[in-house]
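Shown below: start-v4.cif, with mmCIF, C-alpha atoms.
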data_work
loop_
_atom_site.label_atom_id
_atom_site.label_comp_id
_atom_site.auth_asym_id
_atom_site.auth_seq_id
_atom_site.Cartn_x
_atom_site.Cartn_y
_atom_site.Cartn_z
CA MET A 1417 -29.05 -24.80 13.38
CA GLU A 1418 -29.09 -21.10 14.18
CA LYS A 1419 -26.03 -19.09 13.24
CA GLY A 1420 -24.27 -17.91 16.41
CA SER A 1421 -25.88 -20.55 18.64
CA ALA A 1422 -23.83 -22.55 21.14
CA GLU A 1423 -24.02 -25.64 18.90
CA TYR A 1424 -22.91 -23.57 15.88
CA GLU A 1425 -19.90 -22.22 17.77
CA LYS A 1426 -19.00 -25.68 19.11
CA ILE A 1427 -18.97 -27.30 15.66
CA LEU A 1428 -17.04 -24.40 14.14
CA ASP A 1429 -14.40 -24.61 16.91
CA GLU A 1430 -14.11 -28.35 16.29
CA LEU A 1431 -13.54 -27.80 12.56
CA VAL A 1432 -10.93 -25.13 13.31
CA GLY A 1433 -9.11 -27.71 15.40
CA TYR A 1434 -9.00 -30.04 12.40
CA CYS A 1435 -7.51 -27.21 10.30
CA ASN A 1436 -4.81 -26.60 12.90
CA ASP A 1437 -3.98 -30.30 13.06
CA SER A 1438 -3.75 -30.80 9.29
CA GLY A 1439 -2.52 -27.44 8.06
CA THR A 1440 0.90 -27.14 9.73
CA ILE A 1441 3.96 -28.24 7.79
CA ASP A 1442 7.22 -29.15 9.51
CA GLN A 1443 9.37 -26.03 9.22
CA ASN A 1444 12.54 -28.10 8.70
CA LEU A 1445 11.15 -29.40 5.42
CA TYR A 1446 11.48 -25.95 3.91
CA VAL A 1447 15.24 -26.22 4.45
CA THR A 1448 15.36 -29.84 3.28
CA TYR A 1449 13.74 -29.02 -0.05
CA ASP A 1450 15.41 -25.59 -0.39
CA VAL A 1451 12.07 -23.81 -0.66
CA LYS A 1452 12.38 -20.12 -1.46
CA ARG A 1453 9.90 -18.96 1.18
CA GLY A 1454 8.32 -15.67 0.23
CA LEU A 1455 10.14 -16.09 -3.11
CA ARG A 1456 13.34 -15.06 -1.34
CA ASP A 1457 16.74 -16.74 -1.00
CA SER A 1458 18.07 -17.65 2.44
CA ASN A 1459 20.07 -14.40 2.43
CA GLY A 1460 16.87 -12.40 1.88
CA LYS A 1461 17.43 -11.60 -1.79
CA GLY A 1462 14.34 -11.89 -3.96
CA VAL A 1463 14.12 -14.74 -6.47
CA LEU A 1464 14.30 -13.39 -10.02
CA THR A 1465 10.88 -13.99 -11.62
CA GLY A 1466 10.74 -11.33 -14.32
CA LEU A 1467 12.24 -8.31 -16.06
CA THR A 1468 10.99 -4.73 -16.00
CA GLU A 1469 11.88 -1.36 -17.46
CA ILE A 1470 9.51 0.53 -15.15
CA SER A 1471 11.55 0.99 -11.98
CA ASP A 1472 14.57 -0.17 -10.02
CA VAL A 1473 14.90 -0.55 -6.25
CA SER A 1474 18.32 -1.03 -4.69
CA GLY A 1475 19.69 -1.23 -1.15
CA PHE A 1476 23.12 -2.66 -1.89
CA ALA A 1477 26.30 -1.70 -3.71
CA VAL A 1478 28.94 -3.99 -5.20
CA GLN A 1479 32.45 -3.71 -3.72
CA ASP A 1480 35.18 -6.17 -4.74
CA GLY A 1481 32.50 -8.46 -6.12
CA GLU A 1482 30.55 -8.48 -2.86
CA LEU A 1483 27.17 -6.95 -2.02
CA VAL A 1484 27.41 -4.43 0.78
CA PRO A 1485 24.62 -2.33 2.35
CA SER A 1486 24.25 1.14 0.88
CA ASP A 1487 21.85 4.07 0.94
CA GLY A 1488 18.67 3.10 -0.84
CA ARG A 1489 17.97 4.18 -4.39
CA LEU A 1490 14.69 4.21 -6.28
CA TYR A 1491 14.61 4.88 -10.00
CA ILE A 1492 11.35 5.41 -11.91
CA GLN A 1493 11.76 4.86 -15.66
CA GLY A 1494 15.46 5.61 -15.10
CA TYR A 1495 14.96 8.81 -13.09
CA ASN A 1496 16.21 8.96 -9.51
CA ILE A 1497 13.29 9.62 -7.16
CA GLU A 1498 15.32 12.28 -5.35
CA ASP A 1499 15.87 14.13 -8.64
CA LEU A 1500 12.17 13.92 -9.40
CA GLU A 1501 11.25 15.21 -5.94
CA ARG A 1502 13.62 18.17 -6.32
CA GLY A 1503 12.30 18.84 -9.82
CA PHE A 1504 8.69 18.75 -8.67
CA HIS A 1505 9.36 20.98 -5.65
CA GLY A 1506 6.72 23.69 -5.54
CA SER A 1507 4.73 22.12 -8.39
CA LYS A 1508 1.06 21.31 -7.99
CA PHE A 1509 1.26 18.51 -10.53
CA GLY A 1510 4.24 16.34 -9.59
CA PHE A 1511 1.98 13.31 -9.27
CA GLU A 1512 0.38 13.95 -12.66
CA GLU A 1513 3.84 14.14 -14.26
CA THR A 1514 4.70 10.86 -12.51
CA ILE A 1515 1.57 9.24 -13.94
CA TYR A 1516 2.67 10.25 -17.42
CA LEU A 1517 6.23 9.07 -16.76
CA LEU A 1518 5.16 5.65 -15.52
CA LEU A 1519 2.64 5.01 -18.27
CA PHE A 1520 4.71 6.27 -21.21
CA GLY A 1521 8.34 5.97 -20.12
CA GLU A 1522 9.43 9.61 -20.40
CA LEU A 1523 8.62 12.95 -18.80
CA PRO A 1524 6.20 14.93 -20.98
CA THR A 1525 6.80 18.11 -22.89
CA ARG A 1526 4.56 21.04 -21.94
CA THR A 1527 2.24 20.34 -24.89
CA GLN A 1528 2.04 16.62 -24.13
CA PHE A 1529 1.39 17.34 -20.46
CA ASN A 1530 -1.42 19.80 -21.13
CA LYS A 1531 -3.18 17.33 -23.44
CA PHE A 1532 -2.70 14.55 -20.87
CA LYS A 1533 -4.12 16.62 -18.00
CA GLU A 1534 -7.11 17.55 -20.15
CA LEU A 1535 -7.81 13.87 -20.86
CA MET A 1536 -7.38 12.90 -17.20
CA GLU A 1537 -9.91 15.54 -16.20
CA THR A 1538 -12.52 13.93 -18.43
CA PHE A 1539 -11.92 10.68 -16.52
CA ARG A 1540 -12.18 12.35 -13.10
CA GLU A 1541 -15.85 11.56 -12.70
CA LEU A 1542 -17.84 8.49 -11.74
CA PRO A 1543 -20.77 7.09 -13.71
CA ARG A 1544 -24.05 8.93 -13.10
CA LYS A 1545 -25.54 8.11 -9.67
CA PHE A 1546 -22.64 5.70 -8.94
CA ALA A 1547 -21.83 7.42 -5.63
CA ARG A 1548 -25.44 7.12 -4.48
CA ASP A 1549 -26.27 3.66 -5.83
CA VAL A 1550 -22.98 1.88 -5.16
CA ILE A 1551 -20.77 3.72 -2.66
CA LEU A 1552 -23.41 5.08 -0.28
CA LYS A 1553 -25.97 2.30 -0.64
CA ALA A 1554 -23.66 -0.25 1.00
CA PRO A 1555 -21.29 1.77 3.24
CA SER A 1556 -18.34 0.05 4.87
CA LYS A 1557 -16.07 0.75 7.81
CA ASN A 1558 -13.09 -0.18 5.64
CA MET A 1559 -12.30 2.05 2.68
CA MET A 1560 -10.17 -0.60 0.97
CA ASN A 1561 -13.28 -2.77 0.90
CA VAL A 1562 -15.10 0.17 -0.69
CA LEU A 1563 -12.41 0.48 -3.37
CA GLN A 1564 -12.44 -3.25 -4.18
CA ARG A 1565 -16.22 -3.42 -4.40
CA CYS A 1566 -16.44 -0.30 -6.56
CA VAL A 1567 -13.69 -1.45 -8.92
CA LEU A 1568 -15.50 -4.74 -9.54
CA THR A 1569 -18.81 -2.91 -10.01
CA LEU A 1570 -17.26 -0.52 -12.56
CA TYR A 1571 -16.81 -3.57 -14.79
CA SER A 1572 -20.60 -3.48 -15.32
CA TYR A 1573 -20.45 0.16 -16.44
CA ASP A 1574 -17.78 -0.51 -19.10
CA ASP A 1575 -18.93 -1.16 -22.67
CA CYS A 1576 -15.90 -3.38 -23.36
CA PRO A 1577 -14.60 -4.58 -19.97
CA ASP A 1578 -12.87 -7.74 -21.25
CA ASP A 1579 -10.93 -6.14 -24.08
CA ILE A 1580 -7.24 -6.41 -23.10
CA SER A 1581 -5.82 -4.50 -26.05
CA ILE A 1582 -3.30 -1.92 -24.84
CA ARG A 1583 -5.49 0.95 -26.05
CA ASN A 1584 -8.42 -0.25 -23.97
CA VAL A 1585 -6.35 -1.20 -20.92
CA LEU A 1586 -4.70 2.25 -21.01
CA ARG A 1587 -8.13 3.89 -21.10
CA GLN A 1588 -9.39 1.73 -18.23
CA SER A 1589 -6.24 2.38 -16.21
CA MET A 1590 -6.38 6.14 -16.65
CA GLU A 1591 -10.05 6.11 -15.61
CA LEU A 1592 -9.29 4.13 -12.45
CA ILE A 1593 -6.32 6.36 -11.59
CA ALA A 1594 -8.59 9.39 -11.84
CA GLN A 1595 -11.50 7.74 -10.00
CA PHE A 1596 -9.71 6.14 -7.02
CA PRO A 1597 -9.43 9.37 -4.98
CA LEU A 1598 -13.14 10.09 -5.53
CA ILE A 1599 -14.21 6.60 -4.47
CA ALA A 1600 -12.04 6.74 -1.35
CA ALA A 1601 -13.27 10.21 -0.38
CA TYR A 1602 -16.95 9.42 -0.98
CA GLY A 1603 -16.60 6.10 0.82
CA TYR A 1604 -15.19 7.90 3.83
CA GLN A 1605 -17.98 10.48 3.81
CA GLY A 1606 -20.47 7.63 3.76
CA TYR A 1607 -18.70 5.93 6.65
CA LYS A 1608 -18.81 9.14 8.69
CA HIS A 1609 -22.52 9.60 7.98
CA TYR A 1610 -23.78 6.06 8.50
CA TYR A 1611 -21.43 4.89 11.25
CA GLN A 1612 -20.58 8.10 13.11
CA ASP A 1613 -23.85 9.99 12.61
CA LYS A 1614 -22.11 12.95 10.96
CA SER A 1615 -23.52 15.12 8.19
CA LEU A 1616 -23.19 13.64 4.70
CA ILE A 1617 -20.99 15.97 2.66
CA ILE A 1618 -20.31 15.20 -0.99
CA HIS A 1619 -18.24 17.65 -3.07
CA ASN A 1620 -17.57 17.39 -6.78
CA PRO A 1621 -13.97 17.52 -8.03
CA LYS A 1622 -12.98 20.88 -9.46
CA PRO A 1623 -11.49 21.12 -12.98
CA GLY A 1624 -7.97 22.53 -13.12
CA LEU A 1625 -6.92 21.19 -9.72
CA SER A 1626 -4.36 18.46 -9.16
CA THR A 1627 -5.16 15.07 -7.63
CA ALA A 1628 -3.77 16.21 -4.28
CA GLU A 1629 -5.75 19.46 -4.29
CA ASN A 1630 -8.97 17.73 -5.26
CA PHE A 1631 -8.54 15.03 -2.62
CA LEU A 1632 -8.14 17.57 0.19
CA ARG A 1633 -11.10 19.47 -1.22
CA LEU A 1634 -13.26 16.32 -1.28
CA ILE A 1635 -12.63 15.25 2.31
CA ARG A 1636 -12.90 18.68 3.97
CA ALA A 1637 -16.28 20.20 4.76
CA ASP A 1638 -15.10 23.72 3.89
CA LYS A 1639 -13.13 22.55 0.80
CA LYS A 1640 -10.15 24.61 2.02
CA TYR A 1641 -6.46 23.68 2.04
CA THR A 1642 -3.15 25.49 1.88
CA GLU A 1643 -0.75 25.34 -1.02
CA LEU A 1644 1.87 23.72 1.24
CA GLU A 1645 -0.58 21.01 2.29
CA ALA A 1646 -1.39 20.18 -1.33
CA GLN A 1647 2.29 20.10 -2.30
CA VAL A 1648 3.19 17.76 0.57
CA LEU A 1649 0.35 15.39 -0.30
CA ASP A 1650 1.41 15.57 -3.95
CA ILE A 1651 4.90 14.35 -3.03
CA CYS A 1652 3.39 11.58 -0.88
CA LEU A 1653 1.50 10.35 -3.95
CA VAL A 1654 4.67 10.49 -6.06
CA LEU A 1655 6.62 8.45 -3.49
CA HIS A 1656 3.94 5.77 -3.28
CA SER A 1657 3.23 5.51 -7.00
CA GLU A 1658 5.73 2.77 -7.87
CA HIS A 1659 8.20 0.49 -6.13
CA GLY A 1660 9.44 -2.24 -8.44
CA GLY A 1661 7.80 -5.37 -9.81
CA GLY A 1662 8.60 -7.51 -6.79
CA ASN A 1663 6.47 -5.84 -4.12
CA ASN A 1664 3.50 -8.00 -3.19
CA SER A 1665 0.67 -6.04 -4.81
CA THR A 1666 2.57 -5.33 -8.03
CA PHE A 1667 3.63 -8.96 -8.31
CA THR A 1668 -0.04 -9.80 -7.78
CA THR A 1669 -0.80 -7.49 -10.71
CA HIS A 1670 1.65 -9.44 -12.89
CA VAL A 1671 0.30 -12.83 -11.76
CA ILE A 1672 -3.34 -11.98 -12.41
CA SER A 1673 -2.61 -10.11 -15.64
CA SER A 1674 -0.71 -13.14 -16.95
CA THR A 1675 -3.98 -15.10 -17.01
CA GLY A 1676 -5.45 -12.73 -19.60
CA THR A 1677 -8.24 -11.55 -17.33
CA ASP A 1678 -9.81 -8.09 -17.31
CA THR A 1679 -8.42 -4.92 -15.73
CA TYR A 1680 -11.07 -4.68 -13.01
CA SER A 1681 -10.46 -8.22 -11.73
CA THR A 1682 -6.72 -7.58 -11.77
CA VAL A 1683 -6.92 -4.32 -9.83
CA ALA A 1684 -9.33 -5.83 -7.28
CA GLY A 1685 -6.72 -8.52 -6.57
CA SER A 1686 -3.97 -5.94 -6.23
CA LEU A 1687 -6.12 -3.99 -3.78
CA GLY A 1688 -6.61 -7.14 -1.71
CA SER A 1689 -2.84 -7.51 -1.49
CA LEU A 1690 -2.21 -3.88 -0.58
CA LYS A 1691 -4.84 -3.99 2.16
CA GLY A 1692 -2.71 -6.32 4.28
CA PRO A 1693 -0.92 -4.86 7.34
CA LYS A 1694 2.40 -6.28 6.12
CA HIS A 1695 2.08 -4.25 2.93
CA GLY A 1696 0.00 -1.11 2.31
CA GLY A 1697 -1.70 -1.26 5.69
CA ALA A 1698 1.65 -0.84 7.44
CA ASN A 1699 1.42 2.96 7.74
CA LEU A 1700 -1.79 2.58 9.73
CA LYS A 1701 -0.10 -0.08 11.85
CA VAL A 1702 2.69 2.40 12.62
CA GLN A 1703 0.18 4.92 13.93
CA GLN A 1704 -1.66 2.27 15.97
CA MET A 1705 1.68 1.15 17.42
CA MET A 1706 2.52 4.76 18.25
CA ASP A 1707 -0.81 5.21 20.03
CA ASP A 1708 -0.02 2.10 22.07
CA LEU A 1709 3.49 3.39 22.86
CA LYS A 1710 2.08 6.70 24.08
CA ALA A 1711 -0.28 4.81 26.40
CA HIS A 1712 2.68 3.00 27.99
CA VAL A 1713 5.43 5.64 27.84
CA LYS A 1714 4.36 8.99 29.25
CA ASP A 1715 7.74 10.72 29.06
CA TRP A 1716 8.78 10.72 25.40
CA SER A 1717 12.24 11.97 26.29
CA ASP A 1718 12.89 8.85 28.43
CA GLU A 1719 14.95 6.74 26.00
CA ALA A 1720 15.27 3.91 28.54
CA ALA A 1721 11.47 3.58 28.69
CA ILE A 1722 11.18 3.74 24.91
CA ARG A 1723 13.89 1.14 24.58
CA GLU A 1724 12.09 -1.16 27.02
CA TYR A 1725 8.85 -0.79 25.07
CA LEU A 1726 10.57 -1.57 21.74
CA GLN A 1727 12.30 -4.59 23.23
CA GLY A 1728 8.88 -5.83 24.34
CA LEU A 1729 7.67 -5.53 20.75
CA LEU A 1730 10.57 -7.60 19.45
CA ASP A 1731 9.94 -10.19 22.19
CA LYS A 1732 6.29 -10.45 21.04
CA LYS A 1733 5.09 -9.17 24.40
CA GLY A 1734 3.68 -5.82 23.34
CA PHE A 1735 1.13 -4.22 20.99
CA ASP A 1736 -0.10 -6.96 18.58
CA HIS A 1737 2.47 -9.61 19.68
CA SER A 1738 3.77 -9.92 16.10
CA GLY A 1739 7.43 -9.34 17.00
CA LEU A 1740 7.51 -6.41 14.58
CA ILE A 1741 8.38 -2.77 15.02
CA TYR A 1742 6.20 -1.30 12.30
CA GLY A 1743 7.91 1.28 10.11
CA MET A 1744 11.33 -0.34 10.56
CA GLY A 1745 13.02 -2.70 8.14
CA HIS A 1746 12.55 -3.40 4.45
CA ALA A 1747 12.94 -6.37 2.12
CA VAL A 1748 15.37 -4.47 -0.15
CA TYR A 1749 16.61 -1.29 1.54
CA THR A 1750 19.38 -1.52 4.13
CA LEU A 1751 20.98 1.76 5.26
CA SER A 1752 18.07 3.95 4.16
CA ASP A 1753 14.79 4.08 2.27
CA PRO A 1754 14.92 7.14 -0.05
CA ARG A 1755 11.15 7.60 0.26
CA ALA A 1756 11.44 7.70 4.07
CA VAL A 1757 14.31 10.20 3.83
CA ILE A 1758 12.20 12.54 1.71
CA LEU A 1759 9.07 12.14 3.83
CA LYS A 1760 11.02 12.63 7.06
CA ARG A 1761 12.24 15.96 5.71
CA LYS A 1762 8.69 16.92 4.75
CA ALA A 1763 7.35 15.80 8.13
CA PHE A 1764 9.91 17.89 9.99
CA ASN A 1765 9.07 20.98 7.96
CA LEU A 1766 5.38 20.51 8.73
CA ALA A 1767 5.92 19.72 12.42
CA LYS A 1768 8.55 22.32 13.26
CA GLY A 1769 7.35 24.74 15.91
CA LYS A 1770 4.04 22.91 16.43
CA ASP A 1771 2.85 20.58 19.19
CA ILE A 1772 3.22 17.60 16.89
CA GLU A 1773 7.00 18.17 16.68
CA ALA A 1774 7.31 16.08 19.86
CA GLU A 1775 5.74 13.12 18.05
CA PHE A 1776 8.12 13.61 15.14
CA ARG A 1777 11.07 13.44 17.53
CA LEU A 1778 9.58 10.29 19.10
CA LEU A 1779 9.59 8.61 15.68
CA ASP A 1780 13.17 9.78 15.20
CA THR A 1781 14.13 8.13 18.51
CA ILE A 1782 12.51 4.85 17.45
CA GLU A 1783 14.36 5.00 14.14
CA ARG A 1784 17.66 5.50 15.98
CA LEU A 1785 17.19 2.84 18.68
CA THR A 1786 15.69 0.00 16.64
CA PRO A 1787 18.75 -1.16 14.62
CA GLU A 1788 20.78 -1.71 17.79
CA LEU A 1789 17.88 -3.44 19.56
CA PHE A 1790 17.24 -5.62 16.52
CA LYS A 1791 20.80 -6.97 16.73
CA GLU A 1792 20.56 -7.54 20.48
CA VAL A 1793 17.17 -9.27 20.56
CA LYS A 1794 17.19 -11.07 17.22
CA GLY A 1795 20.90 -11.83 17.19
CA SER A 1796 20.97 -10.84 13.55
CA ASP A 1797 23.46 -8.80 11.55
CA LYS A 1798 20.73 -7.67 9.15
CA VAL A 1799 20.85 -3.92 8.61
CA VAL A 1800 17.46 -2.29 9.23
CA CYS A 1801 16.32 1.24 8.49
CA ALA A 1802 13.13 3.26 8.69
CA ASN A 1803 10.83 2.60 5.75
CA VAL A 1804 8.34 4.95 4.12
CA ASP A 1805 5.55 3.85 6.46
CA MET A 1806 7.39 5.28 9.48
CA TYR A 1807 6.66 8.85 8.45
CA SER A 1808 3.78 8.67 5.94
CA GLY A 1809 1.13 8.18 8.64
CA LEU A 1810 2.47 11.14 10.63
CA VAL A 1811 2.41 13.33 7.51
CA TYR A 1812 -1.17 12.26 6.77
CA ARG A 1813 -2.25 13.07 10.32
CA MET A 1814 -0.60 16.48 10.11
CA LEU A 1815 -2.60 17.06 6.92
CA GLY A 1816 -5.78 16.18 8.82
CA ILE A 1817 -6.32 13.01 6.78
CA PRO A 1818 -8.22 10.41 8.83
CA ASP A 1819 -6.65 7.02 9.56
CA GLU A 1820 -9.32 5.25 7.50
CA LEU A 1821 -7.90 6.86 4.35
CA PHE A 1822 -4.19 6.05 4.88
CA THR A 1823 -4.14 2.83 2.86
CA PRO A 1824 -6.65 4.03 0.22
CA LEU A 1825 -4.33 6.99 -0.43
CA PHE A 1826 -1.49 4.52 -0.91
CA ALA A 1827 -3.71 2.59 -3.33
CA SER A 1828 -4.65 5.76 -5.22
CA ALA A 1829 -0.95 6.37 -5.85
CA ARG A 1830 0.10 2.76 -6.48
CA MET A 1831 -2.72 2.30 -9.01
CA VAL A 1832 -0.38 4.10 -11.40
CA GLY A 1833 2.41 1.57 -10.92
CA TRP A 1834 -0.04 -1.33 -11.21
CA ALA A 1835 -1.28 0.08 -14.52
CA ALA A 1836 2.25 0.37 -15.90
CA HIS A 1837 3.15 -3.17 -14.83
CA ARG A 1838 -0.11 -4.60 -16.15
CA MET A 1839 0.59 -3.20 -19.60
CA GLU A 1840 4.18 -4.41 -19.43
CA GLU A 1841 2.96 -7.92 -18.56
CA LEU A 1842 0.43 -7.93 -21.39
CA LEU A 1843 3.02 -6.69 -23.88
CA THR A 1844 5.99 -8.83 -22.88
CA GLY A 1845 5.00 -11.51 -20.37
CA LYS A 1846 3.26 -13.88 -22.80
CA ARG A 1847 3.09 -16.77 -20.28
CA ILE A 1848 0.84 -17.50 -17.33
CA ILE A 1849 2.80 -17.25 -14.07
CA ARG A 1850 2.73 -20.59 -12.30
CA PRO A 1851 5.42 -21.43 -9.72
CA ALA A 1852 5.74 -24.91 -8.24
CA TYR A 1853 4.73 -26.29 -4.84
CA LYS A 1854 6.15 -29.64 -3.73
CA PRO A 1855 3.54 -32.05 -2.33
CA ILE A 1856 4.65 -33.81 0.86
CA THR A 1857 1.50 -35.80 1.63
CA LYS A 1858 1.43 -39.60 1.49
CA VAL A 1859 -0.95 -41.42 -0.83
CA LYS A 1860 -3.92 -42.79 1.14
CA PRO A 1861 -6.48 -45.49 0.27
CA TYR A 1862 -10.12 -44.40 0.11
CA ILE A 1863 -12.31 -45.78 2.91
CA PRO A 1864 -16.11 -45.68 2.40
CA LEU A 1865 -17.97 -43.40 4.80
CA CYS A 1866 -19.81 -46.31 6.40
CA ASP A 1867 -16.51 -47.95 7.32
CA ARG A 1868 -14.89 -44.91 8.94
CA LYS A 1869 -14.81 -44.83 12.75
CA ASP A 1870 -15.54 -41.72 14.81
#

Output the file's structure in the form of structure tokens.
Amino acid sequence: MEKGSAEYEKILDELVGYCNDSGTIDQNLYVTYDVKRGLRDSNGKGVLTGLTEISDVSGFAVQDGELVPSDGRLYIQGYNIEDLERGFHGSKFGFEETIYLLLFGELPTRTQFNKFKELMETFRELPRKFARDVILKAPSKNMMNVLQRCVLTLYSYDDCPDDISIRNVLRQSMELIAQFPLIAAYGYQGYKHYYQDKSLIIHNPKPGLSTAENFLRLIRADKKYTELEAQVLDICLVLHSEHGGGNNSTFTTHVISSTGTDTYSTVAGSLGSLKGPKHGGANLKVQQMMDDLKAHVKDWSDEAAIREYLQGLLDKKGFDHSGLIYGMGHAVYTLSDPRAVILKRKAFNLAKGKDIEAEFRLLDTIERLTPELFKEVKGSDKVVCANVDMYSGLVYRMLGIPDELFTPLFASARMVGWAAHRMEELLTGKRIIRPAYKPITKVKPYIPLCDRKD
């Protein structure tokens, strides 16, 4: 049978039908057996599955013994993210300080930081001919696919890939943190060359520059960027570096690490999680949704038209028919997401007085209208706010970063958090993570093939 033939498609469609018939579970059974769907209670609170010292994410306060919505708070190794952002303001190396903080638990002294940066610079290179033989030899339209494939291939370049001692895992983690931006940038240059017929431009990272500076240098033909651009990207990396042990990709890191497997396999799994549009791919989804909105609403000052469009999204009649307004709502945050608050401020400063300011104000309108619409359409009292994805895509576009690199940039930052959690799991977890699933199938007698009727 030839792949793609009419007979091939017919049989495949028939098999899909069998999947649809056998793979759907009665939704009421989840209530009957009190299943914590998505590892969350019926009130939306996450099921406690572990302990961590790395970060804390909170969207509620306790008043008279009751949980009430509050402005969101994110603490990294005990430091409030807003304090870190203010402290890093104007610094070229806020992300590098955050890497040190997440891996070692405290902010570095000047001497410690200089030694750390020097070591990281030695890691900021790929194996000889890796870009040519691995990244460019099999180009992809999806840069997350490039990252996953390259991470798994780097296993073969490691002299001791399966050693899970903390010393070795730290070394592997620091290498991957330093290499991710290079892989993403080179993968994108390959995509442009092989799929868009553009010139192939490969720059080497420059010693002494920060991750943000080097990334902008790697993706731009002229290698040029402004200090403000580098500082804004630096803060974006800080904000995306860590967000608690319960987010999907970090929990994936814990689950895979608990098996005792190698760092490369673990990170490849985490990348697969982050790639999803409900997780790290959400910032790209926001921009795609915005492009669709612009195609349907010509007057961005017409709040009635915007409201009608958003209601269509919630009714599953618009965009991707998911019922979601991307960039709005969060599993933990209620009144505000501190990362979104910081990025919104950065976005406004970048957009002010430019043509793109109108798009910023459009996002602001969506942020303002959605909570009220959510209550009307969904009939829910859940408090929703803008999340970090609402403004990160806009900031990236203002920095001239192509859509294809939105999620890989997220991954380049979150690799730091994954590394910290992987080491924490190896040091303190000690048990393989294995939750339970209740079987609801009936026992069936086996019937020989010759006795089964079509």

- Write out as a PyMOL selection string the residues lying within 12 Å of Ser1808 of chain A, counting all atoms listed in the file and excluding same-chain residues fewer than 6 positions away. chain A and resi 1648-1649+1651-1653+1655-1656+1696-1703+1743+1755-1764+1776+1779+1802+1814-1815+1817+1819+1821-1823+1825-1826

For those residues, write C-alpha atoms to a file as a short mmCIF file (atom, residue, chain, number, x, y, z; two decimals), in the frame of the given file.
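Final output, saved to again_34.cif:
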data_model
loop_
_atom_site.label_atom_id
_atom_site.label_comp_id
_atom_site.auth_asym_id
_atom_site.auth_seq_id
_atom_site.Cartn_x
_atom_site.Cartn_y
_atom_site.Cartn_z
CA VAL A 1648 3.19 17.76 0.57
CA LEU A 1649 0.35 15.39 -0.30
CA ILE A 1651 4.90 14.35 -3.03
CA CYS A 1652 3.39 11.58 -0.88
CA LEU A 1653 1.50 10.35 -3.95
CA LEU A 1655 6.62 8.45 -3.49
CA HIS A 1656 3.94 5.77 -3.28
CA GLY A 1696 0.00 -1.11 2.31
CA GLY A 1697 -1.70 -1.26 5.69
CA ALA A 1698 1.65 -0.84 7.44
CA ASN A 1699 1.42 2.96 7.74
CA LEU A 1700 -1.79 2.58 9.73
CA LYS A 1701 -0.10 -0.08 11.85
CA VAL A 1702 2.69 2.40 12.62
CA GLN A 1703 0.18 4.92 13.93
CA GLY A 1743 7.91 1.28 10.11
CA ARG A 1755 11.15 7.60 0.26
CA ALA A 1756 11.44 7.70 4.07
CA VAL A 1757 14.31 10.20 3.83
CA ILE A 1758 12.20 12.54 1.71
CA LEU A 1759 9.07 12.14 3.83
CA LYS A 1760 11.02 12.63 7.06
CA ARG A 1761 12.24 15.96 5.71
CA LYS A 1762 8.69 16.92 4.75
CA ALA A 1763 7.35 15.80 8.13
CA PHE A 1764 9.91 17.89 9.99
CA PHE A 1776 8.12 13.61 15.14
CA LEU A 1779 9.59 8.61 15.68
CA ALA A 1802 13.13 3.26 8.69
CA MET A 1814 -0.60 16.48 10.11
CA LEU A 1815 -2.60 17.06 6.92
CA ILE A 1817 -6.32 13.01 6.78
CA ASP A 1819 -6.65 7.02 9.56
CA LEU A 1821 -7.90 6.86 4.35
CA PHE A 1822 -4.19 6.05 4.88
CA THR A 1823 -4.14 2.83 2.86
CA LEU A 1825 -4.33 6.99 -0.43
CA PHE A 1826 -1.49 4.52 -0.91
#

- When the PyMOL selection byres ((chain A and resi 1452) around 12) is applied to the file above, which residues end up in the set, as an NGL selection string? :A and (1445-1451 or 1453-1465 or 1851-1854)

- Item | A:Lys1553, A:Lys1869, A:Arg1583, A:Lys1622 ranked by distance to Gly1606 of chain A, top pick (using all atoms listed in the file) |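 That would be A:Lys1553, the residue with the smallest distance to Gly1606 of chain A.
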
- Message: Please compute the atom CA of Leu1842 of chain A-atom CA of Thr1675 of chain A distance, one decimal, in Å.
- Response: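 Going from atom CA of Leu1842 of chain A over to atom CA of Thr1675 of chain A covers 9.5 Å.
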
- Query: If you apply the PyMOL selection byres ((chain A and resi 1637) around 10) to this file, what residues do you get, as a PyMOL selection string?
  - Reply: chain A and resi 1605+1615-1619+1632-1636+1638-1640

- Message: Tell me which residues come within 9 Å of (-3.2, 19.6, -1.6), as JSON, numbers by chain, counting only C-alpha atoms in the file's coordinates.
- Response: {"A": [1508, 1626, 1627, 1628, 1629, 1630, 1631, 1632, 1633, 1641, 1642, 1643, 1644, 1645, 1646, 1647, 1648, 1649, 1650, 1815]}

- Task: Could you check how far atom CA of Phe1476 of chain A sits from atom CA of Ala1836 of chain A, in Å to one decimal?
- Result: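 We find that atom CA of Phe1476 of chain A and atom CA of Ala1836 of chain A lie 25.3 Å from each other.
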
- Item | Resolved residues for the PyMOL selection byres ((chain A and resi 1554) around 10) as a ChimeraX atom specification | /A:1548-1553,1555-1556,1562,1565,1603,1606-1607,1610

- Query: Taking into account only C-alpha atoms, which residue in the set A:Asn1765, A:Leu1625, A:Gly1734, A:Lys1791 is nearest to Ser1507 of chain A?
  - Reply: A:Leu1625

- Nearest to Gly1510 of chain A, chosen from A:Ala1829, A:Gly1433, A:Leu1568, A:His1737, with only C-alpha atoms counted in the distances: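 Result for the nearest residue to Gly1510 of chain A: A:Ala1829.
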
- Query: Between A:Asp1613, A:Glu1658, A:Asp1442, A:Glu1724, which is the closest to Trp1834 of chain A once you count all atoms listed in the file?
  - Reply: A:Glu1658
